[in-house]
Amino acid sequence: MSPLREIYTALYDHFGPQNWWPADSVLEVMVGAVLTQNTNWRNVSRAIDNLKQDHLLSLNTLHHIPVELLAEKIRPSGYYNLKAARLKNLVRLLYEEEQNSGESDSEILNVFFADDTARLRDKLLSVKGVGPETADSILLYGGGKPVFVIDAYTYRVLVRHGLIGEEADYGEMQEFFLDRLDEDVRLYNEYHALLVCLGKEFCKKRNPLCEQCPLREFEPIYVEDPV
DNA sequence: TGCCAGGCCGGGT
DNA sequence: ACCCGGCATGGC
């Protein structure tokens, strides 16, 4: 049995189902995916609350709001000038390319996601400020596509348990999972969420030994230069 | 108090 | 092809 399967079971038994993404709409998933870049979710949550309170969480509004004002609203999420521009870039892809000014957000987004996954990924990656993790999060958690999301925690877990080399890049890690797991959106969803859950509690940069971690039985190796 | 957080881009070598 | 600094708030 693949260690990936056993690791999943251990995480699931320890943390239980995560039912990601924490959002009320597909658009909120996409906005959250940008705002959470290298940022604690607590701060992202505040920024999204600001947008909701001011009724700014719609494609039309986000498209027309001045970028400076948007930046002010998402301030708690950090890198706010950068992220405001990135959100505008992403919304422009959805709002203008789909040319559906008369339709609702959900209709526009349904049309957007009704496309080949690989082509969707390319479209998302063409947006300045959307990299592989943000694109894949949007595909999996927003569009329900069978894509495995890799992040810094995933990298740490794989390296610290000797499953992959330190030089592994995003694509190699993604391939590592896809080669060893059945194609299953539900599984991909829970697996990444569980890895993040694990990371927040047990796999931060400074505690490479993870002695209390639910994965301590899976041949953890000491990493001299903590990744 | 410094380090860290669910990255990504652009410039330099 | 790498490597690195910049981006920025809030929690512990």
# chains A, B, ... in the order shown; residues from 1 in each chain; ligands from 1

$ select_by_dssp --residues "region 63-225 of chain A" --states "alpha helix (DSSP H)" --output "ChimeraX atom specification"
/A:63-64,67-73,80-97,105-113,117-125,132-137,152-160,170-180,185-202

$ write_last_selection --atoms "C-alpha atoms" --output "mmCIF file, in the first residue's frame"
data_model
loop_
_atom_site.group_PDB
_atom_site.id
_atom_site.type_symbol
_atom_site.label_atom_id
_atom_site.label_comp_id
_atom_site.auth_asym_id
_atom_site.auth_seq_id
_atom_site.Cartn_x
_atom_site.Cartn_y
_atom_site.Cartn_z
ATOM 1 C CA HIS A 63 -14.429 44.906 -11.649
ATOM 2 C CA HIS A 64 -15.457 48.529 -11.235
ATOM 3 C CA VAL A 67 -7.971 49.458 -7.050
ATOM 4 C CA GLU A 68 -6.913 51.828 -4.272
ATOM 5 C CA LEU A 69 -10.242 51.362 -2.486
ATOM 6 C CA LEU A 70 -10.109 47.609 -2.922
ATOM 7 C CA ALA A 71 -6.615 47.632 -1.447
ATOM 8 C CA GLU A 72 -7.877 49.474 1.610
ATOM 9 C CA LYS A 73 -10.660 46.945 2.142
ATOM 10 C CA TYR A 80 -2.741 44.620 0.013
ATOM 11 C CA ASN A 81 -1.611 46.765 -2.909
ATOM 12 C CA LEU A 82 -0.232 43.743 -4.689
ATOM 13 C CA LYS A 83 -3.265 41.598 -3.977
ATOM 14 C CA ALA A 84 -5.754 44.276 -4.982
ATOM 15 C CA ALA A 85 -4.116 44.408 -8.405
ATOM 16 C CA ARG A 86 -4.081 40.616 -8.584
ATOM 17 C CA LEU A 87 -7.773 40.419 -7.772
ATOM 18 C CA LYS A 88 -8.511 42.958 -10.481
ATOM 19 C CA ASN A 89 -6.495 40.892 -12.956
ATOM 20 C CA LEU A 90 -8.381 37.724 -12.064
ATOM 21 C CA VAL A 91 -11.793 39.384 -12.171
ATOM 22 C CA ARG A 92 -10.948 40.867 -15.556
ATOM 23 C CA LEU A 93 -10.399 37.382 -16.934
ATOM 24 C CA LEU A 94 -13.836 36.281 -15.740
ATOM 25 C CA TYR A 95 -15.787 39.427 -16.293
ATOM 26 C CA GLU A 96 -14.514 40.591 -19.645
ATOM 27 C CA GLU A 97 -13.527 37.412 -21.429
ATOM 28 C CA ASP A 105 -21.969 35.698 -10.976
ATOM 29 C CA SER A 106 -22.849 32.046 -10.620
ATOM 30 C CA GLU A 107 -23.882 31.797 -14.276
ATOM 31 C CA ILE A 108 -20.716 33.502 -15.433
ATOM 32 C CA LEU A 109 -18.606 31.234 -13.262
ATOM 33 C CA ASN A 110 -20.483 28.132 -14.410
ATOM 34 C CA VAL A 111 -19.700 29.039 -17.996
ATOM 35 C CA PHE A 112 -16.092 29.680 -17.100
ATOM 36 C CA PHE A 113 -15.598 26.335 -15.390
ATOM 37 C CA THR A 117 -9.275 21.502 -17.040
ATOM 38 C CA ALA A 118 -5.895 21.925 -18.711
ATOM 39 C CA ARG A 119 -7.086 24.921 -20.713
ATOM 40 C CA LEU A 120 -8.675 26.440 -17.610
ATOM 41 C CA ARG A 121 -5.412 26.062 -15.769
ATOM 42 C CA ASP A 122 -3.539 27.824 -18.558
ATOM 43 C CA LYS A 123 -6.049 30.658 -18.485
ATOM 44 C CA LEU A 124 -5.678 31.078 -14.747
ATOM 45 C CA LEU A 125 -1.892 30.932 -14.947
ATOM 46 C CA PRO A 132 0.311 27.198 -9.712
ATOM 47 C CA GLU A 133 -1.018 26.903 -6.164
ATOM 48 C CA THR A 134 -3.573 29.660 -6.566
ATOM 49 C CA ALA A 135 -4.700 28.278 -9.924
ATOM 50 C CA ASP A 136 -4.987 24.729 -8.616
ATOM 51 C CA SER A 137 -6.866 25.832 -5.503
ATOM 52 C CA ALA A 152 4.644 24.809 1.419
ATOM 53 C CA TYR A 153 3.291 22.408 4.031
ATOM 54 C CA THR A 154 3.004 19.619 1.482
ATOM 55 C CA TYR A 155 6.605 20.187 0.490
ATOM 56 C CA ARG A 156 7.748 20.007 4.106
ATOM 57 C CA VAL A 157 5.835 16.813 4.810
ATOM 58 C CA LEU A 158 7.141 15.063 1.700
ATOM 59 C CA VAL A 159 10.734 16.093 2.356
ATOM 60 C CA ARG A 160 10.732 15.449 6.084
ATOM 61 C CA TYR A 170 5.686 22.043 -7.761
ATOM 62 C CA GLY A 171 5.034 19.880 -10.803
ATOM 63 C CA GLU A 172 7.057 16.960 -9.478
ATOM 64 C CA MET A 173 5.185 16.966 -6.189
ATOM 65 C CA GLN A 174 1.851 17.180 -7.952
ATOM 66 C CA GLU A 175 2.808 14.279 -10.170
ATOM 67 C CA PHE A 176 3.896 12.315 -7.111
ATOM 68 C CA PHE A 177 0.369 12.453 -5.723
ATOM 69 C CA LEU A 178 -1.439 11.965 -9.014
ATOM 70 C CA ASP A 179 0.624 8.866 -9.820
ATOM 71 C CA ARG A 180 -0.207 7.229 -6.505
ATOM 72 C CA VAL A 185 -11.982 15.123 -6.313
ATOM 73 C CA ARG A 186 -13.247 14.395 -2.819
ATOM 74 C CA LEU A 187 -9.947 12.747 -1.882
ATOM 75 C CA TYR A 188 -7.838 15.556 -3.346
ATOM 76 C CA ASN A 189 -9.982 18.084 -1.543
ATOM 77 C CA GLU A 190 -9.619 16.449 1.859
ATOM 78 C CA TYR A 191 -5.988 15.506 1.429
ATOM 79 C CA HIS A 192 -4.730 19.000 0.795
ATOM 80 C CA ALA A 193 -6.944 20.429 3.521
ATOM 81 C CA LEU A 194 -5.636 17.842 5.983
ATOM 82 C CA LEU A 195 -2.026 18.616 5.054
ATOM 83 C CA VAL A 196 -2.635 22.285 5.763
ATOM 84 C CA CYS A 197 -4.327 21.363 9.020
ATOM 85 C CA LEU A 198 -1.320 19.269 9.952
ATOM 86 C CA GLY A 199 1.089 21.975 8.894
ATOM 87 C CA LYS A 200 -0.510 24.690 10.974
ATOM 88 C CA GLU A 201 -0.252 22.635 14.129
ATOM 89 C CA PHE A 202 2.781 20.379 13.725
#

$ residues_around --residues "Ile48 (chain A)" --least-positions-apart "3" --cutoff "8 Å" --atoms "only C-alpha atoms (C1' of nucleotides)" --output "JSON list (two decimals) with N, CA and C atoms, in the first residue's frame"
[["chain", "number", "residue", "atom", "x", "y", "z"],
["A", 28, "GLU", "N", -16.00, 33.65, -3.84],
["A", 28, "GLU", "CA", -15.30, 33.81, -2.56],
["A", 28, "GLU", "C", -14.09, 32.87, -2.48],
["A", 32, "GLY", "N", -10.41, 34.32, -2.00],
["A", 32, "GLY", "CA", -9.64, 33.80, -0.88],
["A", 32, "GLY", "C", -8.34, 33.16, -1.33],
["A", 44, "VAL", "N", -6.83, 36.71, 6.22],
["A", 44, "VAL", "CA", -7.62, 36.65, 4.98],
["A", 44, "VAL", "C", -9.11, 36.74, 5.31],
["A", 45, "SER", "N", -9.49, 36.04, 6.35],
["A", 45, "SER", "CA", -10.89, 36.02, 6.76],
["A", 45, "SER", "C", -11.39, 37.42, 7.09],
["A", 51, "LEU", "N", -15.03, 42.85, 2.73],
["A", 51, "LEU", "CA", -15.66, 42.88, 1.40],
["A", 51, "LEU", "C", -17.14, 42.55, 1.50],
["A", 52, "LYS", "N", -17.47, 41.56, 2.32],
["A", 52, "LYS", "CA", -18.87, 41.16, 2.47],
["A", 52, "LYS", "C", -19.69, 42.27, 3.10],
["A", 74, "ILE", "N", -8.99, 45.24, 1.74],
["A", 74, "ILE", "CA", -8.34, 43.94, 2.01],
["A", 74, "ILE", "C", -7.06, 44.10, 2.81]]

$ residues_around --residues "DG6 (chain C)" --least-positions-apart "4" --cutoff "12 Å" --atoms "only C-alpha atoms (C1' of nucleotides)" --output "ChimeraX atom specification"
/A:79,82 /B:8-11

$ interface_residues --of "chain A" --to "chain B" --cutoff "7 Å" --atoms "only C-alpha atoms (C1' of nucleotides)" --output "list in words"
Thr36, Gln37, Asn38, Thr39, Asn40, Gly129, Gly131, Asp151 and Val196 of chain A

$ interface_residues --of "chain C" --to "chain A" --cutoff "9 Å" --atoms "only C-alpha atoms (C1' of nucleotides)" --output "PDB file with C-alpha atoms (C1' of nucleotides), in the first residue's frame"
ATOM      1  C1'  DC C   7       5.531  42.711  -0.890  1.00  0.00           C
ATOM      2  C1'  DA C   8       2.772  43.797   4.679  1.00  0.00           C
ATOM      3  C1'  DT C   9      -0.541  42.642   8.287  1.00  0.00           C
ATOM      4  C1'  DG C  10      -1.429  40.303  12.699  1.00  0.00           C
TER       5       DG C  10
END
